[in-house]
Amino acid sequence: KAGDVGDRLNEKVYVVGGFVRDLFLNVENWDIDLVVEGDGIAFAIELNKELKGNTKLYKEFGTGMLELENGKTIDIVTARREYYEYPAALPKVEKSTIWSDLFRRDFTINCMAIQLNKDNQGKLIDYFGGFTDLKNKRIRVLYNLSFIEDPTRIFRAIRFLARYNFSLDEETKSFMEQALGENMLSKLSNDRIKEELVYILKEKSLSESLRLMQDLRILSSINNNLNISNEIIDKINSIKSYQDQFKDIFKDINIVLVKVMILLSEVEAEAINGLLDLFCVNKEIRSKIYNGLISKSKVYELLVEEDLDKYCLYQSLHTLSREAILFYYIDSDNAYIRHYLMFYTLNLQNKNISITGEDLKQLNIKPGPIYKDILDYVLEAKIKGLVYSYEDE
Ligand code: ATP
């Protein structure tokens with residue numbers, strides 16, 4: 001349909017970027033980006049008449065988005081050229097052709113387009129050798145200043161390396177080193193760095209990307225307390241196998257939090273807060289990670305005891321997130337600690353009591369702090385296996 005609309009408006013239209021890359025890699029990707037050589041806004045309005053979704057139009061940028069009934073979206077941009085007035089600045093934009101639109105992009109594998117107009121339907125536009133790089137599993141920039149103009153591309157390169165298990169083209173690596181040498185990362189705001197780091201951490205396989213970041217001292221240049229040892233990399237790699245092993249128990253947790261806890265596990269307590277700014281997108285996540293890290297040594301001290309009381313175990317863990325519990329399990333190689341963590345997860349973490357303050361009222365107990373004491377006492381008895389039913393409670 002996009003091709004038909006392009007024909008009707010007498011404009012060339014292409015699907016570009018990640019969609020094309022993933023099409024050739026046989027990876028499902030429904031992020032559809034269309035580039036129109038002409039007027040992206042008019043195109044978006046026309047295409048939407050066919051697809052009957054909702055349009056969001058950004059006239060000043062010549063871009064639009066269609067939200068379809070099935071929840072998928074299509075982004076439409078007017079082919080544009082971007083140029084940078086100074087390194088790491090936001091780019092200036094002007095209308096242009098597909099060539100310039102592809103040339104403003106990051107890596108050759110993201111710079112391919114497929115034309116959709118009827119006469120050239122399916123024609124691959126590959127000015128920069130993206131297809132060959134895909135075949136050779138290579139991440140390559142288009143020109144030497146690419147990382148200097150936009151240092152976020154350093155993180156993007158690492159993300160794609162991790163995701164597809166590709167390698168970095170040698171020359172591209174030297175351009176990256178040059179940009180790092182010129183301290184280009186310091187030009188990025190913390191928020192941009194955070195966004196990119198979290199994207200990287202969301203990728204399933206991380207070992208190569210972490211090793212490369214370590215090699216190039218990327219993390220330590222952002223914050224000198226961030227050093228990734230091989231042990232940390234191994235632990236992060238092992239997450240997947242623990243997730244598979246315990247898939248029912250830990251299935252709906254936020255695995256990025258576990259990764260961040262492992263990444264920061266060797267950092268001194270005083271430095272943790274400063275580092276959390278780099279990884280935490282909101283307060284809830286921040287406190288889960290912080291508590292998990294800060295409580296670690298206390299938890300480990302307690303969980304090596306041979307005959308640990310169940311209620312004591314419960315008390316030491318129940319305020320912590322499930323992400324923290326999995327983190328401890330991966331982090332510690334002590335058999336007692338692991339045993340107790342698993343025992344807690346399987347038998348204690350969801351324990352609660354059936355009686356409430358209402359029941360205490362019915363028993364004519366005067367409301368006050370004693371309610372909490374009683375309810376805690378009943379919970380303790382339940383955890384210790386002294387009471388079972390509502391009546392026992
Ligand atoms: P993902 O599958 O992670 O979404 P993607 O390639 O679709 O990967 P997006 O961030 O959605 O990534 O970007 C869409 C396209 O925009 C990319 O394929 C790339 O061509 C271009 N792009 C994105 N960020 C940059 C950048 N910093 N510099 C140059 N081009 C970029």
# chains A, B, ... in the order shown; residues from 1 in each chain; ligands from 1
>>> residues_around(residues="Leu161 of chain A", least_positions_apart="6", cutoff="8 Å", atoms="only C-alpha atoms", output="count of residues only")
5
>>> select_by_dssp(residues="segment 86-224 of chain A", states="strand (DSSP E)", output="JSON, numbers by chain")
{"A": [92, 93, 94, 95, 113, 114, 115, 124, 125, 138, 139, 167, 168]}
>>> closest_atom_pairs(of="chain A", to="ligand 1", cutoff="10 Å", atoms="only C-alpha atoms and all ligand atoms", output="JSON lines")
{"residue": "A:Val16", "atom": "CA", "partner": "ligand 1", "partner_atom_place_in_ligand_line": "18 (O)", "distance": 7.3}
{"residue": "A:Gly17", "atom": "CA", "partner": "ligand 1", "partner_atom_place_in_ligand_line": "18 (O)", "distance": 3.8}
{"residue": "A:Gly18", "atom": "CA", "partner": "ligand 1", "partner_atom_place_in_ligand_line": "7 (O)", "distance": 3.8}
{"residue": "A:Phe19", "atom": "CA", "partner": "ligand 1", "partner_atom_place_in_ligand_line": "7 (O)", "distance": 6.5}
{"residue": "A:Val20", "atom": "CA", "partner": "ligand 1", "partner_atom_place_in_ligand_line": "18 (O)", "distance": 8.6}
{"residue": "A:Arg21", "atom": "CA", "partner": "ligand 1", "partner_atom_place_in_ligand_line": "6 (O)", "distance": 7.8}
{"residue": "A:Asp22", "atom": "CA", "partner": "ligand 1", "partner_atom_place_in_ligand_line": "2 (O)", "distance": 7.9}
{"residue": "A:Val27", "atom": "CA", "partner": "ligand 1", "partner_atom_place_in_ligand_line": "2 (O)", "distance": 9.6}
{"residue": "A:Glu28", "atom": "CA", "partner": "ligand 1", "partner_atom_place_in_ligand_line": "2 (O)", "distance": 9.6}
{"residue": "A:Asn29", "atom": "CA", "partner": "ligand 1", "partner_atom_place_in_ligand_line": "2 (O)", "distance": 7.1}
{"residue": "A:Trp30", "atom": "CA", "partner": "ligand 1", "partner_atom_place_in_ligand_line": "2 (O)", "distance": 9.1}
{"residue": "A:Asp31", "atom": "CA", "partner": "ligand 1", "partner_atom_place_in_ligand_line": "7 (O)", "distance": 6.5}
{"residue": "A:Ile32", "atom": "CA", "partner": "ligand 1", "partner_atom_place_in_ligand_line": "7 (O)", "distance": 8.3}
{"residue": "A:Asp33", "atom": "CA", "partner": "ligand 1", "partner_atom_place_in_ligand_line": "14 (C)", "distance": 7.5}
{"residue": "A:Asp75", "atom": "CA", "partner": "ligand 1", "partner_atom_place_in_ligand_line": "14 (C)", "distance": 9.8}
{"residue": "A:Glu82", "atom": "CA", "partner": "ligand 1", "partner_atom_place_in_ligand_line": "29 (C)", "distance": 9.6}
{"residue": "A:Pro91", "atom": "CA", "partner": "ligand 1", "partner_atom_place_in_ligand_line": "28 (N)", "distance": 9.8}
{"residue": "A:Asp101", "atom": "CA", "partner": "ligand 1", "partner_atom_place_in_ligand_line": "20 (O)", "distance": 9.0}
{"residue": "A:Leu102", "atom": "CA", "partner": "ligand 1", "partner_atom_place_in_ligand_line": "20 (O)", "distance": 7.1}
{"residue": "A:Phe103", "atom": "CA", "partner": "ligand 1", "partner_atom_place_in_ligand_line": "29 (C)", "distance": 8.6}
{"residue": "A:Arg104", "atom": "CA", "partner": "ligand 1", "partner_atom_place_in_ligand_line": "29 (C)", "distance": 5.8}
{"residue": "A:Arg105", "atom": "CA", "partner": "ligand 1", "partner_atom_place_in_ligand_line": "30 (N)", "distance": 3.3}
{"residue": "A:Asp106", "atom": "CA", "partner": "ligand 1", "partner_atom_place_in_ligand_line": "29 (C)", "distance": 3.7}
{"residue": "A:Phe107", "atom": "CA", "partner": "ligand 1", "partner_atom_place_in_ligand_line": "20 (O)", "distance": 7.0}
{"residue": "A:Thr108", "atom": "CA", "partner": "ligand 1", "partner_atom_place_in_ligand_line": "20 (O)", "distance": 8.4}
{"residue": "A:Ile109", "atom": "CA", "partner": "ligand 1", "partner_atom_place_in_ligand_line": "18 (O)", "distance": 7.9}
{"residue": "A:Asn110", "atom": "CA", "partner": "ligand 1", "partner_atom_place_in_ligand_line": "18 (O)", "distance": 4.3}
{"residue": "A:Cys111", "atom": "CA", "partner": "ligand 1", "partner_atom_place_in_ligand_line": "20 (O)", "distance": 5.5}
{"residue": "A:Met112", "atom": "CA", "partner": "ligand 1", "partner_atom_place_in_ligand_line": "20 (O)", "distance": 8.2}
{"residue": "A:Ala113", "atom": "CA", "partner": "ligand 1", "partner_atom_place_in_ligand_line": "20 (O)", "distance": 9.8}
{"residue": "A:Val141", "atom": "CA", "partner": "ligand 1", "partner_atom_place_in_ligand_line": "29 (C)", "distance": 9.5}
{"residue": "A:Ser146", "atom": "CA", "partner": "ligand 1", "partner_atom_place_in_ligand_line": "28 (N)", "distance": 8.2}
{"residue": "A:Phe147", "atom": "CA", "partner": "ligand 1", "partner_atom_place_in_ligand_line": "28 (N)", "distance": 8.8}
{"residue": "A:Glu149", "atom": "CA", "partner": "ligand 1", "partner_atom_place_in_ligand_line": "28 (N)", "distance": 8.9}
{"residue": "A:Asp150", "atom": "CA", "partner": "ligand 1", "partner_atom_place_in_ligand_line": "27 (N)", "distance": 6.1}
{"residue": "A:Pro151", "atom": "CA", "partner": "ligand 1", "partner_atom_place_in_ligand_line": "27 (N)", "distance": 7.8}
{"residue": "A:Thr152", "atom": "CA", "partner": "ligand 1", "partner_atom_place_in_ligand_line": "27 (N)", "distance": 5.7}
{"residue": "A:Arg153", "atom": "CA", "partner": "ligand 1", "partner_atom_place_in_ligand_line": "27 (N)", "distance": 5.1}
{"residue": "A:Ile154", "atom": "CA", "partner": "ligand 1", "partner_atom_place_in_ligand_line": "27 (N)", "distance": 8.8}
{"residue": "A:Phe155", "atom": "CA", "partner": "ligand 1", "partner_atom_place_in_ligand_line": "27 (N)", "distance": 9.1}
{"residue": "A:Arg156", "atom": "CA", "partner": "ligand 1", "partner_atom_place_in_ligand_line": "27 (N)", "distance": 7.2}
{"residue": "A:Ala157", "atom": "CA", "partner": "ligand 1", "partner_atom_place_in_ligand_line": "27 (N)", "distance": 9.7}
{"residue": "A:Arg159", "atom": "CA", "partner": "ligand 1", "partner_atom_place_in_ligand_line": "3 (O)", "distance": 8.0}
{"residue": "A:Phe160", "atom": "CA", "partner": "ligand 1", "partner_atom_place_in_ligand_line": "3 (O)", "distance": 7.7}
{"residue": "A:Arg163", "atom": "CA", "partner": "ligand 1", "partner_atom_place_in_ligand_line": "3 (O)", "distance": 8.9}
{"residue": "A:Glu196", "atom": "CA", "partner": "ligand 1", "partner_atom_place_in_ligand_line": "10 (O)", "distance": 9.8}
{"residue": "A:Tyr199", "atom": "CA", "partner": "ligand 1", "partner_atom_place_in_ligand_line": "3 (O)", "distance": 7.9}
{"residue": "A:Ile200", "atom": "CA", "partner": "ligand 1", "partner_atom_place_in_ligand_line": "3 (O)", "distance": 9.4}
{"residue": "A:Glu203", "atom": "CA", "partner": "ligand 1", "partner_atom_place_in_ligand_line": "3 (O)", "distance": 9.2}
>>> residues_around(residues="segment 312-329 of chain A", least_positions_apart="6", cutoff="7 Å", atoms="only C-alpha atoms", output="tab-separated table (two decimals) with C-alpha atoms, in the first residue's frame")
chain	number	residue	atom	x	y	z
A	253	ILE	CA	11.50	-10.26	37.03
A	254	ASN	CA	13.35	-7.35	35.45
A	257	LEU	CA	18.26	-4.97	37.45
A	258	VAL	CA	20.08	-8.24	38.09
A	261	MET	CA	23.59	-5.40	40.54
A	262	ILE	CA	26.22	-7.78	39.20
A	288	LYS	CA	15.63	-2.07	44.44
A	291	ASN	CA	18.98	-2.13	48.70
A	292	GLY	CA	20.11	-5.31	46.98
A	299	VAL	CA	22.57	-11.15	54.20
A	338	ARG	CA	22.27	-20.66	47.96
A	341	LEU	CA	17.91	-18.30	49.13
A	344	TYR	CA	13.10	-18.71	51.00
A	348	LEU	CA	8.64	-18.36	52.45
A	349	GLN	CA	8.52	-15.39	50.15
>>> residues_around(residues="Ser241 of chain A", least_positions_apart="5", cutoff="12 Å", atoms="only C-alpha atoms", output="ChimeraX atom specification")
/A:204-205,234-236,246-247,250,326,330
>>> write_last_selection(atoms="N, CA and C atoms", output="short mmCIF file (atom, residue, chain, number, x, y, z; two decimals), in the first residue's frame")
data_model
loop_
_atom_site.label_atom_id
_atom_site.label_comp_id
_atom_site.auth_asym_id
_atom_site.auth_seq_id
_atom_site.Cartn_x
_atom_site.Cartn_y
_atom_site.Cartn_z
N LYS A 204 20.34 -9.68 25.09
CA LYS A 204 20.44 -10.97 25.79
C LYS A 204 21.88 -11.35 26.08
N SER A 205 22.73 -11.22 25.05
CA SER A 205 24.09 -11.69 25.28
C SER A 205 25.01 -10.48 25.42
N ASP A 234 31.63 -13.14 33.54
CA ASP A 234 31.16 -14.54 33.62
C ASP A 234 29.82 -14.64 34.34
N LYS A 235 29.70 -13.88 35.42
CA LYS A 235 28.44 -13.94 36.18
C LYS A 235 27.28 -13.41 35.34
N ILE A 236 27.53 -12.32 34.65
CA ILE A 236 26.44 -11.77 33.83
C ILE A 236 26.06 -12.77 32.75
N PHE A 246 15.53 -21.77 36.56
CA PHE A 246 14.46 -21.40 37.50
C PHE A 246 13.36 -20.65 36.78
N LYS A 247 13.02 -21.11 35.60
CA LYS A 247 12.17 -20.23 34.78
C LYS A 247 10.80 -19.95 35.39
N PHE A 250 11.54 -17.34 38.65
CA PHE A 250 11.99 -15.96 38.40
C PHE A 250 11.50 -15.42 37.07
N LEU A 326 17.82 -13.22 43.18
CA LEU A 326 18.50 -13.93 42.08
C LEU A 326 19.95 -13.44 41.98
N ILE A 330 23.32 -15.83 42.13
CA ILE A 330 24.36 -15.90 41.09
C ILE A 330 25.71 -15.45 41.66
#
>>> closest_residue(among="A:Asn352, A:Asn183, A:Gln243, A:Asn237", to="Ser221 of chain A", atoms="only C-alpha atoms")
A:Asn183
>>> closest_residue(among="A:Lys372, A:Lys283, A:Lys95, A:Lys310", to="Gly38 of chain A", atoms="only C-alpha atoms")
A:Lys95
>>> closest_residue(among="A:Tyr14, A:Ser186, A:Phe43, A:Val304", to="Ser220 of chain A", atoms="only C-alpha atoms")
A:Ser186
>>> residues_around(residues="Glu270 of chain A", least_positions_apart="3", cutoff="12 Å", atoms="only C-alpha atoms", output="list in words")
Asn225, Leu264, Glu266, Val267, Asn273, Gly274, Leu275, Leu276, Tyr290, Leu293 and Ile294 of chain A
>>> atom_distance(atom1="atom CA of Glu284 of chain A", atom2="atom CA of Asp191 of chain A")
17.2 Å
>>> closest_residue(among="A:Ile41, A:Ile374, A:Asn26, A:Lys135", to="Asp359 of chain A", atoms="only C-alpha atoms")
A:Ile374
>>> select_by_dssp(residues="segment 94-190 of chain A", states="alpha helix (DSSP H)", output="PyMOL selection string")
chain A and resi 98-103+130-135+146-149+152-164+170-181+190
>>> write_last_selection(atoms="N, CA and C atoms", output="compact mmCIF listing (two decimals), in the first residue's frame")
# COMPACT_ATOMS: atom_id res chain seq x y z
N ILE A 98 17.17 9.98 -0.91
CA ILE A 98 17.40 8.76 -0.14
C ILE A 98 18.90 8.58 0.15
N TRP A 99 19.75 8.98 -0.80
CA TRP A 99 21.19 8.82 -0.57
C TRP A 99 21.61 9.57 0.70
N SER A 100 21.22 10.83 0.78
CA SER A 100 21.63 11.62 1.95
C SER A 100 20.97 11.10 3.20
N ASP A 101 19.73 10.63 3.05
CA ASP A 101 19.04 10.11 4.22
C ASP A 101 19.77 8.88 4.77
N LEU A 102 20.29 8.06 3.86
CA LEU A 102 21.02 6.88 4.33
C LEU A 102 22.40 7.27 4.85
N PHE A 103 22.96 8.29 4.24
CA PHE A 103 24.31 8.70 4.63
C PHE A 103 24.36 9.30 6.04
N GLY A 130 26.33 -2.36 2.95
CA GLY A 130 25.70 -2.93 4.14
C GLY A 130 25.44 -4.43 4.02
N PHE A 131 25.05 -4.85 2.82
CA PHE A 131 24.71 -6.27 2.65
C PHE A 131 25.94 -7.15 2.84
N THR A 132 27.06 -6.71 2.28
CA THR A 132 28.32 -7.47 2.44
C THR A 132 28.72 -7.48 3.92
N ASP A 133 28.56 -6.35 4.58
CA ASP A 133 28.91 -6.30 6.01
C ASP A 133 28.00 -7.21 6.83
N LEU A 134 26.75 -7.28 6.43
CA LEU A 134 25.85 -8.21 7.14
C LEU A 134 26.34 -9.64 6.98
N LYS A 135 26.72 -9.97 5.72
CA LYS A 135 27.19 -11.34 5.46
C LYS A 135 28.46 -11.62 6.25
N SER A 146 32.36 9.82 12.19
CA SER A 146 31.03 9.41 12.63
C SER A 146 30.87 9.43 14.15
N PHE A 147 31.84 8.86 14.87
CA PHE A 147 31.72 8.79 16.34
C PHE A 147 31.95 10.16 16.99
N ILE A 148 32.72 10.99 16.29
CA ILE A 148 32.97 12.32 16.84
C ILE A 148 31.70 13.15 16.72
N GLU A 149 31.04 13.03 15.57
CA GLU A 149 29.80 13.80 15.37
C GLU A 149 28.72 13.36 16.34
N THR A 152 27.02 8.88 20.72
CA THR A 152 26.11 7.79 21.14
C THR A 152 26.30 6.59 20.22
N ARG A 153 26.84 6.82 19.03
CA ARG A 153 27.07 5.69 18.11
C ARG A 153 28.06 4.69 18.70
N ILE A 154 28.90 5.15 19.61
CA ILE A 154 29.84 4.22 20.26
C ILE A 154 29.02 3.15 20.99
N PHE A 155 28.00 3.60 21.72
CA PHE A 155 27.16 2.64 22.45
C PHE A 155 26.30 1.82 21.49
N ARG A 156 25.84 2.49 20.44
CA ARG A 156 24.99 1.75 19.48
C ARG A 156 25.80 0.63 18.82
N ALA A 157 27.06 0.91 18.50
CA ALA A 157 27.90 -0.13 17.89
C ALA A 157 28.00 -1.32 18.84
N ILE A 158 28.22 -1.01 20.11
CA ILE A 158 28.38 -2.07 21.10
C ILE A 158 27.09 -2.88 21.23
N ARG A 159 25.97 -2.18 21.17
CA ARG A 159 24.69 -2.86 21.27
C ARG A 159 24.49 -3.85 20.11
N PHE A 160 24.81 -3.41 18.89
CA PHE A 160 24.59 -4.31 17.75
C PHE A 160 25.58 -5.47 17.75
N LEU A 161 26.80 -5.19 18.22
CA LEU A 161 27.78 -6.27 18.34
C LEU A 161 27.24 -7.36 19.24
N ALA A 162 26.68 -6.90 20.38
CA ALA A 162 26.18 -7.85 21.36
C ALA A 162 25.00 -8.61 20.80
N ARG A 163 24.11 -7.87 20.17
CA ARG A 163 22.86 -8.51 19.75
C ARG A 163 23.08 -9.58 18.68
N TYR A 164 23.92 -9.26 17.70
CA TYR A 164 24.04 -10.18 16.57
C TYR A 164 25.32 -11.01 16.62
N GLU A 170 37.95 -3.26 11.79
CA GLU A 170 39.19 -2.73 12.39
C GLU A 170 39.30 -1.20 12.29
N GLU A 171 38.99 -0.70 11.10
CA GLU A 171 39.12 0.74 10.91
C GLU A 171 38.09 1.48 11.78
N THR A 172 36.90 0.90 11.84
CA THR A 172 35.85 1.50 12.67
C THR A 172 36.31 1.54 14.13
N LYS A 173 36.98 0.44 14.53
CA LYS A 173 37.48 0.41 15.90
C LYS A 173 38.48 1.55 16.14
N SER A 174 39.31 1.79 15.15
CA SER A 174 40.29 2.86 15.37
C SER A 174 39.61 4.23 15.40
N PHE A 175 38.54 4.41 14.61
CA PHE A 175 37.79 5.68 14.69
C PHE A 175 37.15 5.83 16.08
N MET A 176 36.68 4.69 16.57
CA MET A 176 36.05 4.73 17.90
C MET A 176 37.09 5.10 18.96
N GLU A 177 38.28 4.49 18.83
CA GLU A 177 39.34 4.78 19.81
C GLU A 177 39.73 6.24 19.76
N GLN A 178 39.75 6.76 18.53
CA GLN A 178 40.11 8.18 18.37
C GLN A 178 39.06 9.06 19.09
N ALA A 179 37.79 8.75 18.88
CA ALA A 179 36.73 9.56 19.52
C ALA A 179 36.83 9.44 21.04
N LEU A 180 37.12 8.21 21.51
CA LEU A 180 37.25 8.03 22.96
C LEU A 180 38.45 8.79 23.48
N GLY A 181 39.54 8.75 22.68
CA GLY A 181 40.77 9.45 23.07
C GLY A 181 40.51 10.95 23.19
N ASN A 190 24.24 12.82 31.03
CA ASN A 190 24.03 11.56 31.77
C ASN A 190 22.81 10.81 31.26
>>> closest_residue(among="A:Glu37, A:Asp126, A:Asp215, A:Glu231", to="Asp331 of chain A", atoms="only C-alpha atoms")
A:Glu231
>>> residues_around(residues="Leu57 of chain A", least_positions_apart="5", cutoff="8 Å", atoms="only C-alpha atoms", output="PDB file with N, CA and C atoms, in the first residue's frame")
ATOM      1  N   ILE A  41       4.699  14.324   5.287  1.00  0.00           N
ATOM      2  CA  ILE A  41       3.430  14.582   5.978  1.00  0.00           C
ATOM      3  C   ILE A  41       2.243  14.217   5.080  1.00  0.00           C
ATOM      4  N   ALA A  44       2.013  10.546   4.810  1.00  0.00           N
ATOM      5  CA  ALA A  44       1.450   9.889   6.006  1.00  0.00           C
ATOM      6  C   ALA A  44      -0.073   9.998   5.996  1.00  0.00           C
ATOM      7  N   GLY A  62       8.762  17.244   9.349  1.00  0.00           N
ATOM      8  CA  GLY A  62       8.376  16.485   8.154  1.00  0.00           C
ATOM      9  C   GLY A  62       8.242  14.998   8.438  1.00  0.00           C
ATOM     10  N   THR A  63       7.882  14.652   9.668  1.00  0.00           N
ATOM     11  CA  THR A  63       7.751  13.225  10.010  1.00  0.00           C
ATOM     12  C   THR A  63       6.345  12.940  10.534  1.00  0.00           C
ATOM     13  N   GLY A  64       5.971  11.695  10.429  1.00  0.00           N
ATOM     14  CA  GLY A  64       4.661  11.302  10.935  1.00  0.00           C
ATOM     15  C   GLY A  64       4.707   9.864  11.426  1.00  0.00           C
ATOM     16  N   MET A  65       3.721   9.536  12.227  1.00  0.00           N
ATOM     17  CA  MET A  65       3.663   8.150  12.701  1.00  0.00           C
ATOM     18  C   MET A  65       2.233   7.652  12.533  1.00  0.00           C
TER      19      MET A  65
END
>>> closest_residue(among="A:Leu185, A:Ile222, A:Ala79, A:Ile285", to="Leu34 of chain A", atoms="only C-alpha atoms")
A:Ala79
>>> atom_distance(atom1="atom CA of Lys296 of chain A", atom2="atom CA of Cys280 of chain A")
19.0 Å
